[in-house]
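See below for work.pdb, which holds PDB, C-alpha atoms.
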```pdb
ATOM      1  CA  MET A   1       5.878   8.602   1.224  1.00  0.00           C
ATOM      2  CA  THR A   2       2.625  10.438   1.811  1.00  0.00           C
ATOM      3  CA  ARG A   3      -0.721   8.657   1.825  1.00  0.00           C
ATOM      4  CA  VAL A   4      -1.587  10.279  -1.511  1.00  0.00           C
ATOM      5  CA  GLU A   5       1.658   8.983  -3.049  1.00  0.00           C
ATOM      6  CA  LEU A   6       0.959   5.496  -1.718  1.00  0.00           C
ATOM      7  CA  LEU A   7      -2.577   5.554  -3.136  1.00  0.00           C
ATOM      8  CA  GLU A   8      -1.276   6.733  -6.518  1.00  0.00           C
ATOM      9  CA  ARG A   9       1.264   3.894  -6.546  1.00  0.00           C
ATOM     10  CA  LEU A  10      -1.474   1.426  -5.632  1.00  0.00           C
ATOM     11  CA  GLN A  11      -3.595   2.701  -8.543  1.00  0.00           C
ATOM     12  CA  GLN A  12      -0.651   2.086 -10.904  1.00  0.00           C
ATOM     13  CA  LEU A  13      -0.221  -1.419  -9.544  1.00  0.00           C
ATOM     14  CA  GLN A  14      -3.953  -2.126  -9.941  1.00  0.00           C
ATOM     15  CA  HIS A  15      -3.574  -1.826 -13.727  1.00  0.00           C
ATOM     16  CA  MET A  16      -0.785  -4.408 -13.941  1.00  0.00           C
ATOM     17  CA  GLU A  17      -1.495  -7.840 -15.398  1.00  0.00           C
ATOM     18  CA  LYS A  18      -0.929  -9.586 -12.057  1.00  0.00           C
ATOM     19  CA  PHE A  19      -3.934  -7.809 -10.504  1.00  0.00           C
ATOM     20  CA  LYS A  20      -6.380  -7.954 -13.418  1.00  0.00           C
ATOM     21  CA  GLY A  21      -9.739  -9.063 -12.061  1.00  0.00           C
ATOM     22  CA  ARG A  22      -8.710  -8.318  -8.469  1.00  0.00           C
ATOM     23  CA  ASP A  23      -9.332  -5.205  -6.391  1.00  0.00           C
ATOM     24  CA  ILE A  24      -6.270  -4.182  -4.400  1.00  0.00           C
ATOM     25  CA  THR A  25      -7.360  -0.585  -3.785  1.00  0.00           C
ATOM     26  CA  THR A  26     -10.626  -0.673  -1.814  1.00  0.00           C
ATOM     27  CA  VAL A  27      -8.936  -2.040   1.305  1.00  0.00           C
ATOM     28  CA  SER A  28      -6.827   1.135   1.476  1.00  0.00           C
ATOM     29  CA  ALA A  29      -9.766   3.034   3.010  1.00  0.00           C
ATOM     30  CA  PHE A  30      -9.475   0.894   6.136  1.00  0.00           C
ATOM     31  CA  LEU A  31      -5.686   0.790   6.496  1.00  0.00           C
ATOM     32  CA  SER A  32      -3.462   2.934   8.684  1.00  0.00           C
ATOM     33  CA  GLN A  33      -0.581   4.747   7.006  1.00  0.00           C
ATOM     34  CA  GLU A  34       1.881   2.037   8.020  1.00  0.00           C
ATOM     35  CA  ALA A  35      -0.412  -0.801   6.933  1.00  0.00           C
ATOM     36  CA  LEU A  36      -1.027   0.934   3.586  1.00  0.00           C
ATOM     37  CA  ALA A  37       2.720   1.263   3.028  1.00  0.00           C
ATOM     38  CA  ASN A  38       3.084  -2.447   3.784  1.00  0.00           C
ATOM     39  CA  HIS A  39       0.201  -3.318   1.425  1.00  0.00           C
ATOM     40  CA  VAL A  40       1.846  -1.341  -1.401  1.00  0.00           C
ATOM     41  CA  LYS A  41       5.167  -3.091  -0.731  1.00  0.00           C
ATOM     42  CA  VAL A  42       3.542  -6.539  -0.780  1.00  0.00           C
ATOM     43  CA  CYS A  43       1.785  -5.709  -4.067  1.00  0.00           C
ATOM     44  CA  GLU A  44       5.020  -4.361  -5.562  1.00  0.00           C
ATOM     45  CA  ASP A  45       6.846  -7.508  -4.496  1.00  0.00           C
ATOM     46  CA  ALA A  46       4.118  -9.612  -6.120  1.00  0.00           C
ATOM     47  CA  VAL A  47       4.665  -7.990  -9.509  1.00  0.00           C
ATOM     48  CA  GLY A  48       8.421  -7.694  -9.120  1.00  0.00           C
ATOM     49  CA  ALA A  49       8.267  -3.897  -9.163  1.00  0.00           C
ATOM     50  CA  PRO A  50      11.050  -2.078  -7.365  1.00  0.00           C
ATOM     51  CA  CYS A  51       9.908  -0.762  -3.997  1.00  0.00           C
ATOM     52  CA  ARG A  52       9.711   3.023  -4.116  1.00  0.00           C
ATOM     53  CA  ASP A  53      10.401   3.398  -0.405  1.00  0.00           C
ATOM     54  CA  ALA A  54       6.816   2.585   0.548  1.00  0.00           C
ATOM     55  CA  ARG A  55       7.979   1.288   3.910  1.00  0.00           C
ATOM     56  CA  HIS A  56       9.046   4.793   4.898  1.00  0.00           C
ATOM     57  CA  GLY A  57       5.542   6.219   4.538  1.00  0.00           C
ATOM     58  CA  ARG A  58       4.944   5.726   8.247  1.00  0.00           C
ATOM     59  CA  GLN A  59       4.527   9.314   9.367  1.00  0.00           C
ATOM     60  CA  GLY A  60       1.005  10.475   9.982  1.00  0.00           C
ATOM     61  CA  SER A  61      -0.502   7.151  11.001  1.00  0.00           C
ATOM     62  CA  GLY A  62      -3.251   9.044  12.772  1.00  0.00           C
ATOM     63  CA  GLY A  63      -2.086   7.922  16.199  1.00  0.00           C
ATOM     64  CA  ARG A  64      -3.162   4.378  15.553  1.00  0.00           C
ATOM     65  CA  ASP A  65       0.333   3.078  16.273  1.00  0.00           C
ATOM     66  CA  GLY A  66       0.380   0.523  13.506  1.00  0.00           C
ATOM     67  CA  ALA A  67      -3.157  -0.710  13.984  1.00  0.00           C
ATOM     68  CA  GLY A  68      -3.789  -3.161  11.223  1.00  0.00           C
ATOM     69  CA  ALA A  69      -0.117  -3.513  10.356  1.00  0.00           C
ATOM     70  CA  GLY A  70       0.732  -6.959   9.080  1.00  0.00           C
ATOM     71  CA  THR A  71      -2.850  -7.861   8.258  1.00  0.00           C
ATOM     72  CA  ILE A  72      -2.279  -8.116   4.515  1.00  0.00           C
TER
END
```
As structure tokens, what does this structure read like?
Amino acid sequence: MTRVELLERLQQLQHMEKFKGRDITTVSAFLSQEALANHVKVCEDAVGAPCRDARHGRQGSGGRDGAGAGTI
């Protein structure tokens, strides 16, 4: 999944009842590609949404080699 696709998915999740009153999107500006994919997966798991292959959005991490992965 591309970064844009992950961000779009995160925006959809933001509007779900589980995340009302919480901001799950701002942190995305600081996350590597891999960490963002993990964040989307964790949020999807929290609402019981089926994972749309967010874990495979690892290409293009900007050479950070997973920096920040597992911090969410």
### Query
Quick one: distance from CA of Ala29 in chain A to CA of Gln11 in chain A in Å, one decimal?
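For CA of Ala29 in chain A relative to CA of Gln11 in chain A, the distance reads 13.1 Å.
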* Asked: Using only C-alpha atoms, which of A:His15, A:Arg9, A:Lys20, A:Arg3 sits nearest Val40 in chain A?
  ->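 Using only C-alpha atoms, the shortest distance to Val40 in chain A belongs to A:Arg9.
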If you measure from CA of Asn38 in chain A to CA of Asp23 in chain A, what distance in Å do you get, rounded to one decimal?
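For CA of Asn38 in chain A relative to CA of Asp23 in chain A, the distance reads 16.3 Å.
Minimum distance to Leu7 in chain A across A:Glu44, A:Thr25, A:Ala35, A:Phe19 (counting all atoms listed in the file) occurs at A:Thr25.
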Just the number, please: distance in Å from CA of Met16 in chain A to CA of Asp45 in chain A, one decimal.
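Going from CA of Met16 in chain A over to CA of Asp45 in chain A covers 12.5 Å.
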